[in-house]
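Data block for target36.txt (compact mmCIF, C-alpha atoms and all ligand atoms):
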# COMPACT_ATOMS: atom_id res chain seq x y z
CA MET A 190 162.13 -5.64 -8.88
CA GLU A 191 158.66 -4.28 -8.43
CA VAL A 192 155.22 -5.70 -9.25
CA SER A 193 152.04 -3.68 -9.62
CA LEU A 194 148.43 -4.77 -10.12
CA GLU A 195 145.76 -2.74 -11.90
CA GLU A 196 142.10 -3.44 -12.49
CA MET A 197 141.42 -3.79 -16.20
CA ASN A 198 137.68 -3.72 -16.92
CA LEU A 199 137.08 -4.76 -20.51
CA GLU A 200 133.82 -3.56 -22.02
CA LEU A 201 132.21 -5.80 -24.64
CA LYS A 202 131.19 -4.22 -27.95
CA VAL A 203 127.95 -6.19 -27.67
CA PRO A 204 126.88 -8.13 -24.56
CA PHE A 205 128.36 -11.63 -24.84
CA THR A 206 126.02 -14.48 -23.93
CA ILE A 207 126.71 -18.18 -23.55
CA ALA A 208 124.43 -20.90 -22.13
CA ARG A 209 125.47 -19.87 -18.57
CA GLY A 210 124.77 -16.15 -18.83
CA THR A 211 125.75 -12.75 -20.18
CA THR A 212 128.93 -10.66 -19.80
CA GLU A 213 128.87 -6.91 -20.46
CA VAL A 214 132.13 -6.04 -18.71
CA SER A 215 134.92 -8.53 -17.98
CA HIS A 216 136.69 -7.63 -14.74
CA ASN A 217 140.28 -8.59 -15.48
CA LEU A 218 143.53 -7.67 -13.76
CA LEU A 219 146.80 -6.43 -15.27
CA CYS A 220 150.06 -7.47 -13.62
CA THR A 221 153.19 -5.43 -14.43
CA VAL A 222 156.63 -6.65 -13.32
CA ARG A 223 159.45 -4.08 -13.50
CA ALA A 224 163.12 -5.05 -13.30
CA ASP A 225 166.26 -3.39 -14.70
CA GLY A 226 164.14 -0.66 -16.32
CA ILE A 227 162.10 -3.25 -18.27
CA GLU A 228 158.36 -3.91 -17.86
CA GLY A 229 156.69 -7.30 -18.33
CA TYR A 230 152.92 -7.48 -18.70
CA GLY A 231 150.56 -10.27 -17.71
CA GLU A 232 146.81 -10.54 -17.40
CA SER A 233 144.29 -12.40 -15.34
CA ALA A 234 140.84 -13.15 -16.75
CA PRO A 235 139.06 -14.69 -13.76
CA SER A 236 135.94 -16.77 -14.28
CA SER A 237 133.25 -17.26 -11.63
CA PHE A 238 132.73 -20.77 -13.06
CA TYR A 239 136.17 -21.65 -11.66
CA GLY A 240 135.57 -19.74 -8.41
CA GLU A 241 137.69 -16.66 -9.08
CA ASP A 242 136.94 -12.95 -9.46
CA GLN A 243 138.92 -9.73 -9.73
CA GLN A 244 139.19 -9.29 -5.95
CA SER A 245 140.18 -12.88 -5.16
CA VAL A 246 142.78 -12.78 -7.92
CA LYS A 247 144.17 -9.51 -6.60
CA SER A 248 144.49 -10.66 -3.01
CA VAL A 249 146.12 -14.00 -3.83
CA LEU A 250 148.55 -12.27 -6.21
CA GLU A 251 149.52 -9.79 -3.48
CA GLU A 252 150.37 -12.76 -1.28
CA ILE A 253 152.30 -14.54 -4.04
CA ILE A 254 154.28 -11.45 -5.07
CA GLU A 255 155.78 -11.29 -1.55
CA GLN A 256 157.37 -14.70 -2.17
CA LEU A 257 158.95 -13.96 -5.57
CA PRO A 258 162.71 -14.61 -5.80
CA ASP A 259 164.83 -11.60 -6.82
CA ASP A 260 166.18 -13.00 -10.10
CA LEU A 261 162.68 -14.14 -11.28
CA LEU A 262 164.22 -17.27 -12.84
CA PRO A 263 163.56 -19.94 -13.96
CA VAL A 264 160.00 -18.91 -14.78
CA HIS A 265 158.53 -22.41 -15.18
CA HIS A 266 159.99 -23.47 -11.85
CA ILE A 267 158.66 -20.42 -9.96
CA ILE A 268 155.22 -20.85 -11.53
CA SER A 269 155.07 -24.61 -10.92
CA GLU A 270 155.74 -24.06 -7.21
CA PHE A 271 152.97 -21.46 -6.94
CA LEU A 272 150.54 -23.72 -8.85
CA PHE A 273 151.33 -26.49 -6.36
CA GLU A 274 150.87 -24.19 -3.38
CA TYR A 275 147.79 -22.33 -4.71
CA PRO A 276 145.99 -24.89 -6.92
CA GLN A 277 142.73 -22.90 -6.88
CA ALA A 278 144.34 -19.62 -8.01
CA ARG A 279 145.05 -20.42 -11.64
CA ALA A 280 143.70 -17.22 -13.20
CA ALA A 281 145.82 -15.24 -10.70
CA ILE A 282 149.00 -17.22 -11.36
CA CYS A 283 148.39 -16.86 -15.11
CA ALA A 284 148.92 -13.08 -14.82
CA LEU A 285 152.26 -13.57 -13.05
CA ASP A 286 153.40 -16.33 -15.43
CA VAL A 287 152.71 -14.23 -18.53
CA SER A 288 154.35 -11.09 -17.08
CA LEU A 289 157.50 -13.07 -16.18
CA TYR A 290 157.70 -14.53 -19.70
CA ASP A 291 157.18 -11.08 -21.24
CA LEU A 292 160.00 -9.73 -19.05
CA LEU A 293 162.25 -12.69 -19.94
CA GLY A 294 161.68 -12.18 -23.66
CA LYS A 295 162.45 -8.49 -23.39
CA ARG A 296 165.63 -9.20 -21.37
CA LEU A 297 166.76 -11.63 -24.08
CA ASN A 298 165.49 -9.33 -26.84
CA ALA A 299 163.55 -12.22 -28.41
CA PRO A 300 159.86 -12.83 -29.11
CA LEU A 301 158.42 -15.66 -27.03
CA TYR A 302 157.84 -17.87 -30.08
CA ARG A 303 161.58 -17.88 -30.61
CA ILE A 304 162.29 -18.64 -26.94
CA PHE A 305 160.01 -21.69 -27.32
CA ALA A 306 161.66 -22.57 -30.68
CA LEU A 307 158.40 -22.21 -32.63
CA ASP A 308 157.83 -21.20 -36.23
CA PRO A 309 155.65 -18.05 -36.28
CA SER A 310 154.28 -19.00 -39.71
CA HIS A 311 152.73 -22.13 -38.13
CA THR A 312 150.02 -20.31 -36.16
CA PRO A 313 146.55 -21.77 -36.75
CA LEU A 314 143.56 -19.81 -38.01
CA THR A 315 141.40 -18.44 -35.22
CA SER A 316 137.66 -18.79 -35.08
CA PHE A 317 135.39 -15.86 -34.29
CA THR A 318 132.66 -16.48 -31.73
CA ILE A 319 128.97 -15.77 -32.14
CA GLY A 320 127.26 -15.58 -28.73
CA ILE A 321 123.66 -16.47 -28.02
CA SER A 322 121.03 -13.87 -28.91
CA ALA A 323 117.69 -13.86 -30.74
CA PRO A 324 117.99 -16.28 -33.70
CA ASP A 325 117.59 -13.46 -36.25
CA ASP A 326 120.49 -11.61 -34.61
CA MET A 327 122.71 -14.69 -34.42
CA VAL A 328 122.20 -15.26 -38.14
CA LYS A 329 122.84 -11.57 -38.88
CA TYR A 330 126.03 -11.46 -36.74
CA ALA A 331 127.28 -14.72 -38.28
CA LYS A 332 126.66 -13.50 -41.81
CA GLU A 333 128.54 -10.29 -41.06
CA ALA A 334 131.47 -12.05 -39.30
CA ALA A 335 131.79 -14.59 -42.13
CA LYS A 336 132.94 -11.75 -44.40
CA THR A 337 136.09 -11.38 -42.25
CA TYR A 338 136.62 -14.73 -40.51
CA PRO A 339 136.83 -18.12 -42.24
CA ILE A 340 135.82 -20.01 -39.08
CA LEU A 341 132.90 -19.23 -36.78
CA LYS A 342 132.27 -20.75 -33.37
CA ILE A 343 128.57 -20.68 -32.62
CA LYS A 344 127.45 -20.77 -28.99
CA LEU A 345 124.47 -23.09 -28.51
CA GLY A 346 122.30 -24.13 -25.58
CA THR A 347 119.86 -21.44 -26.70
CA LYS A 348 117.02 -22.90 -24.61
CA LYS A 349 118.79 -21.97 -21.35
CA ILE A 350 118.80 -18.31 -22.38
CA LEU A 351 115.88 -17.87 -24.76
CA GLY A 352 113.43 -20.31 -23.14
CA GLU A 353 112.92 -22.07 -26.44
CA ASP A 354 115.33 -24.32 -28.29
CA TYR A 355 116.69 -22.70 -31.47
CA ASP A 356 119.93 -24.71 -31.68
CA ILE A 357 119.16 -26.53 -34.92
CA GLU A 358 117.32 -23.63 -36.54
CA VAL A 359 120.21 -21.22 -35.93
CA ILE A 360 122.82 -23.51 -37.52
CA GLU A 361 120.53 -24.37 -40.42
CA ARG A 362 119.93 -20.67 -41.14
CA ILE A 363 123.61 -19.70 -40.73
CA ARG A 364 124.62 -22.51 -43.08
CA LYS A 365 122.21 -21.14 -45.70
CA GLU A 366 124.02 -17.78 -45.51
CA THR A 367 127.67 -18.88 -45.55
CA GLU A 368 130.06 -21.68 -46.43
CA VAL A 369 132.66 -20.85 -43.75
CA THR A 370 133.75 -23.51 -41.26
CA LEU A 371 131.29 -23.79 -38.36
CA ARG A 372 132.11 -25.06 -34.88
CA VAL A 373 129.63 -25.42 -32.03
CA ASP A 374 130.08 -24.87 -28.28
CA ALA A 375 127.20 -25.86 -25.98
CA ASN A 376 129.00 -24.82 -22.76
CA CYS A 377 127.63 -27.82 -20.77
CA ALA A 378 123.99 -27.07 -21.74
CA TRP A 379 122.95 -30.35 -23.33
CA GLN A 380 121.64 -33.69 -22.02
CA LEU A 381 122.85 -36.98 -23.48
CA ASP A 382 119.72 -37.80 -25.55
CA GLU A 383 119.50 -34.22 -26.73
CA ALA A 384 123.13 -34.23 -27.91
CA ALA A 385 122.78 -37.63 -29.58
CA GLU A 386 119.76 -36.29 -31.45
CA LYS A 387 121.16 -32.87 -32.40
CA ILE A 388 124.71 -33.80 -33.39
CA PRO A 389 123.83 -35.99 -36.44
CA ILE A 390 121.51 -33.23 -37.70
CA LEU A 391 124.22 -30.58 -37.19
CA LEU A 392 126.77 -32.80 -38.95
CA GLY A 393 124.42 -32.56 -41.92
CA TYR A 394 125.11 -28.81 -41.89
CA ASP A 395 128.81 -29.57 -41.94
CA VAL A 396 129.67 -28.58 -38.35
CA GLU A 397 133.37 -29.34 -37.85
CA PHE A 398 133.30 -30.15 -34.13
CA PHE A 399 131.29 -29.92 -30.93
CA GLU A 400 132.66 -28.44 -27.75
CA GLN A 401 131.65 -29.39 -24.20
CA PRO A 402 128.10 -30.70 -24.69
CA PHE A 403 127.78 -31.78 -21.03
CA PRO A 404 128.72 -30.56 -17.55
CA PRO A 405 132.15 -31.87 -16.45
CA GLU A 406 130.62 -34.07 -13.73
CA ASN A 407 128.68 -36.09 -16.35
CA LEU A 408 131.73 -38.02 -17.56
CA ASP A 409 129.60 -41.04 -18.53
CA ASP A 410 127.61 -38.90 -20.95
CA PHE A 411 130.81 -38.24 -22.89
CA ARG A 412 131.43 -41.99 -23.01
CA PHE A 413 127.91 -42.79 -24.28
CA LEU A 414 127.97 -39.92 -26.77
CA LYS A 415 131.15 -41.33 -28.33
CA GLU A 416 129.31 -44.65 -28.81
CA ARG A 417 126.17 -43.03 -30.22
CA CYS A 418 127.86 -40.44 -32.46
CA PRO A 419 131.16 -42.06 -33.46
CA ASP A 420 131.59 -39.74 -36.46
CA ALA A 421 131.45 -36.47 -34.52
CA LEU A 422 134.58 -34.72 -33.26
CA ILE A 423 134.03 -33.82 -29.60
CA PHE A 424 136.16 -31.32 -27.66
CA ALA A 425 136.34 -30.89 -23.89
CA ASP A 426 136.67 -27.44 -22.36
CA GLU A 427 135.08 -27.11 -18.90
CA SER A 428 135.91 -30.84 -18.32
CA CYS A 429 139.57 -30.18 -18.80
CA VAL A 430 141.11 -27.47 -16.60
CA VAL A 431 144.51 -28.84 -15.61
CA PRO A 432 146.85 -31.57 -16.92
CA LYS A 433 145.58 -34.20 -14.49
CA ASP A 434 142.03 -33.86 -15.90
CA ILE A 435 143.21 -35.16 -19.26
CA PRO A 436 143.59 -38.94 -18.69
CA ASP A 437 139.98 -39.36 -17.43
CA ILE A 438 138.31 -37.59 -20.35
CA ALA A 439 140.80 -38.59 -23.09
CA PRO A 440 139.11 -41.89 -24.12
CA PHE A 441 135.79 -40.12 -24.82
CA VAL A 442 136.83 -36.95 -26.67
CA ASP A 443 138.92 -36.06 -29.69
CA GLY A 444 140.49 -32.89 -28.41
CA ILE A 445 140.69 -30.36 -25.60
CA ASN A 446 140.41 -26.59 -25.37
CA ILE A 447 143.32 -25.15 -23.36
CA LYS A 448 143.11 -21.59 -22.02
CA LEU A 449 145.89 -19.72 -20.24
CA ALA A 450 143.47 -18.15 -17.74
CA LYS A 451 141.92 -21.55 -16.97
CA CYS A 452 145.09 -23.59 -16.44
CA GLY A 453 147.45 -20.96 -14.97
CA GLY A 454 149.48 -19.49 -17.83
CA ILE A 455 152.04 -20.44 -20.45
CA THR A 456 153.99 -22.88 -18.25
CA GLU A 457 150.93 -24.99 -17.48
CA ALA A 458 149.42 -24.63 -20.98
CA ILE A 459 152.56 -26.16 -22.51
CA ARG A 460 152.39 -28.98 -19.95
CA MET A 461 148.76 -29.58 -20.94
CA ILE A 462 149.63 -29.62 -24.63
CA HIS A 463 152.27 -32.32 -24.03
CA THR A 464 149.87 -34.32 -21.84
CA ALA A 465 147.15 -34.05 -24.49
CA ARG A 466 149.55 -35.19 -27.23
CA SER A 467 150.60 -38.19 -25.16
CA HIS A 468 146.91 -39.15 -25.10
CA ASN A 469 146.64 -38.65 -28.85
CA LEU A 470 144.29 -35.67 -28.52
CA LEU A 471 143.84 -32.67 -30.76
CA VAL A 472 144.66 -29.32 -29.16
CA MET A 473 142.77 -26.05 -29.38
CA LEU A 474 144.00 -22.87 -27.71
CA GLY A 475 141.05 -20.84 -26.47
CA CYS A 476 140.39 -17.79 -24.35
CA MET A 477 138.07 -15.90 -22.02
CA VAL A 478 137.15 -12.27 -22.63
CA GLU A 479 140.73 -10.97 -22.61
CA SER A 480 142.77 -8.02 -23.86
CA SER A 481 145.47 -8.36 -26.51
CA CYS A 482 147.89 -9.02 -23.63
CA LEU A 483 146.64 -12.51 -22.82
CA ILE A 484 145.45 -13.26 -26.36
CA THR A 485 148.93 -12.51 -27.71
CA ALA A 486 150.49 -14.69 -25.00
CA ALA A 487 148.37 -17.63 -26.18
CA ALA A 488 149.07 -16.79 -29.82
CA GLN A 489 152.84 -16.96 -29.13
CA ILE A 490 152.55 -20.69 -28.33
CA SER A 491 149.77 -21.36 -30.86
CA PRO A 492 152.14 -23.04 -33.38
CA LEU A 493 151.92 -25.97 -30.90
CA ALA A 494 148.14 -26.19 -31.38
CA ASP A 495 145.89 -27.58 -34.14
CA TYR A 496 143.11 -25.04 -33.65
CA ALA A 497 142.72 -21.59 -32.15
CA ASP A 498 139.81 -19.68 -30.71
CA LEU A 499 141.67 -16.51 -29.78
CA ASP A 500 139.14 -13.77 -30.37
CA GLY A 501 138.44 -12.41 -26.84
CA ASN A 502 140.25 -9.15 -27.63
CA LEU A 503 138.23 -8.65 -30.81
CA LEU A 504 135.04 -8.57 -28.73
CA CYS A 505 136.28 -5.70 -26.51
CA ARG A 506 135.65 -2.00 -26.97
CA ASN A 507 138.55 -0.79 -24.82
CA ASP A 508 141.47 -3.16 -25.37
CA PRO A 509 144.46 -1.29 -23.84
CA PHE A 510 147.02 -3.25 -25.87
CA LYS A 511 148.03 -3.94 -29.45
CA GLY A 512 149.65 -7.29 -30.18
CA VAL A 513 148.73 -10.25 -32.35
CA THR A 514 146.64 -9.34 -35.39
CA VAL A 515 144.33 -11.44 -37.54
CA GLU A 516 144.46 -11.56 -41.33
CA ASP A 517 141.83 -13.73 -43.02
CA GLY A 518 141.63 -15.64 -39.75
CA LYS A 519 145.39 -16.25 -39.55
CA LEU A 520 147.09 -15.20 -36.31
CA ILE A 521 149.99 -12.87 -37.17
CA LEU A 522 152.55 -12.67 -34.37
CA PRO A 523 154.34 -9.39 -33.64
CA GLU A 524 158.12 -9.48 -34.03
CA ARG A 525 158.84 -7.37 -30.97
CA PRO A 526 160.53 -9.06 -27.96
CA GLY A 527 158.58 -10.86 -25.23
CA LEU A 528 154.84 -10.93 -25.88
CA GLY A 529 155.39 -8.20 -28.43
CA ILE A 530 152.52 -6.09 -27.14
CA LEU A 531 152.32 -2.30 -26.95
CA ARG A 532 150.22 -0.43 -24.43
CA VAL A 533 147.99 2.00 -26.28
CA THR A 534 145.95 3.49 -23.41
CA ARG A 535 146.48 4.03 -19.68
MG MG A 601 134.21 -23.49 -24.63
Have the structure of the file written as C-alpha cells, please.
Ligand SMILES: [Mg+2]
Amino acid sequence: MEVSLEEMNLELKVPFTIARGTTEVSHNLLCTVRADGIEGYGESAPSSFYGEDQQSVKSVLEEIIEQLPDDLLPVHHIISEFLFEYPQARAAICALDVSLYDLLGKRLNAPLYRIFALDPSHTPLTSFTIGISAPDDMVKYAKEAAKTYPILKIKLGTKKILGEDYDIEVIERIRKETEVTLRVDANCAWQLDEAAEKIPILLGYDVEFFEQPFPPENLDDFRFLKERCPDALIFADESCVVPKDIPDIAPFVDGINIKLAKCGGITEAIRMIHTARSHNLLVMLGCMVESSCLITAAAQISPLADYADLDGNLLCRNDPFKGVTVEDGKLILPERPGLGILRVTR
C-alpha cells in the first residue's frame, strides 16, 4: 500500500466572487492510494474560512498516512478515528476518505452508489452558481446559464464587494430574463433587519430558498428571522460544519448544506444526512471549487439528498478528471466502479 499527494491547482474560467472575496485559483490536493495494483483517488478542497490551506492539509495528511492500517478497512471506522483525533483537519481527511472509498469500490468492482444501496436515477438536479460581479454581468451570466441549467444559485451580499447594495436589483433583473428556479446564498453577509426586509421582496420574485444569511455566531438572528419571515425556506451552510452543529441550528432553519470538504468526506457526510433527517431538516449536497473527483464523490451519495449544488467542477478550466455529468441539470452518475472517475490529464 502506498499513498501519494499532489498539488492540484484548479483555475477558474472566470474569477469566482462571493461576499467574502474572490477566488481565481483553488489550491486543492489530490490523494492517490495504491494497493494491489489499483488506484483510489480523493481530493481535498481546503477553505481558509475553516482554517485550512493546501500546505496545512498536506502536512496533516502526511502524518495521518503513517498511521494507516495495512488492509485499509473498514473505511468508516478508520476515518471516524482520524476525525476524532484531528477534528480541525476535515478537508485533509476528506481526501483520504474519498480515496479509500474509490479504492474499495474498485476492489469490489462496484460503483459507490451501489455500495451504499442507492438508486442512481434518484440523483437531484444540481444548481449552477452565479458569483458576484457588476450587476450587468450577473444578469448576463445568469441569462446565459439559464439556457443550460434549470436552477441557478445567485450569490448575494453585493454591498460587501461592490460597495453598493444591488441584491434586490440583481434578482429583479434576472427574474425578468428567465423563469428558472432561483436560489440565493448571502454567505453570512446580511444583518437581521436587512434580511427581514429583503427576503419578502425576493420571495415576490419567486426565490426558492435563502442560504446562510448571517454569520454562524449570530444564532439568535436565525431564530428571529424564522419569526419575522415564517414563509421563507432558510438553509444553513457556514453554521453547520459537522454533525454536532445540527441540533443547535435545527429549530431555526429548514435545511442544511452538507459539503464533503467541509465535514470530512463521505463517512461524515452520511452521518450528517442522518442527523439532519432526525431533526426533520431538508438536505442539500454542496461543494467548494473542486475537480470532478470530489464532485463525483458527492454525486454518488446525492440520491440521499433533496437538493444539490454540485457545480464546482463546471467552473474550472483545468479539471483533471471526468466523472459525473449534467444533463438538463440532472446529475448522471458514471457506471464505472468506485467513484467512476477517469483521469484525463497529468
Ligand atoms: Mg453556501
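In terms of minimum interatomic distance to ligand MG 601 (chain A), A:Asp374 ranks closest within A:Asp374, A:Glu416, A:Glu366, A:Glu524, counting only C-alpha atoms and all ligand atoms.
Between CA of Thr212 (chain A) and CA of Phe398 (chain A) the interatomic distance comes to 24.6 Å.
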At most 7 Å from ligand MG 601 (chain A) (all atoms listed in the file): residue list as a PDB file with C-alpha atoms, in the frame of the given file:
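Result file follows (result-v5.pdb):
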ATOM      1  CA  ASP A 374     130.080 -24.870 -28.280  1.00  0.00           C
ATOM      2  CA  ASN A 376     129.000 -24.820 -22.760  1.00  0.00           C
ATOM      3  CA  GLU A 400     132.660 -28.440 -27.750  1.00  0.00           C
ATOM      4  CA  GLN A 401     131.650 -29.390 -24.200  1.00  0.00           C
ATOM      5  CA  ASP A 426     136.670 -27.440 -22.360  1.00  0.00           C
ATOM      6  CA  GLU A 427     135.080 -27.110 -18.900  1.00  0.00           C
ATOM      7  CA  ASN A 446     140.410 -26.590 -25.370  1.00  0.00           C
TER       8      ASN A 446
END
Checklist entry - Pick the closest to Asp354 (chain A) from A:Ala224, A:Ala323, A:Ile455, A:Val369: which is it, counting all atoms listed in the file? => result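 Using all atoms listed in the file, Asp354 (chain A) sits closest to A:Ala323.
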Checklist entry - With distances taken over all atoms listed in the file, which of A:His265, A:Ala494, A:Gly320, A:Pro405 is nearest to Pro204 (chain A)? => result A:Gly320
Next on the checklist: So that I can see what lies close to Ile363 (chain A), please list as a list in words the residues with an atom at most 8 Å from it, counting all atoms listed in the file and leaving out residues fewer than 4 positions away in the same chain.
Outcome noted: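 Residues meeting the cut-off are Val328, Ala331, Lys332, Val359 and Thr367 of chain A.
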Could you take the residues named above and write them with C-alpha atoms, as a PDB file, in the coordinates of the input?
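As written to disk, part-v8.pdb reads:
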ATOM      1  CA  VAL A 328     122.200 -15.260 -38.140  1.00  0.00           C
ATOM      2  CA  ALA A 331     127.280 -14.720 -38.280  1.00  0.00           C
ATOM      3  CA  LYS A 332     126.660 -13.500 -41.810  1.00  0.00           C
ATOM      4  CA  VAL A 359     120.210 -21.220 -35.930  1.00  0.00           C
ATOM      5  CA  THR A 367     127.670 -18.880 -45.550  1.00  0.00           C
TER       6      THR A 367
END
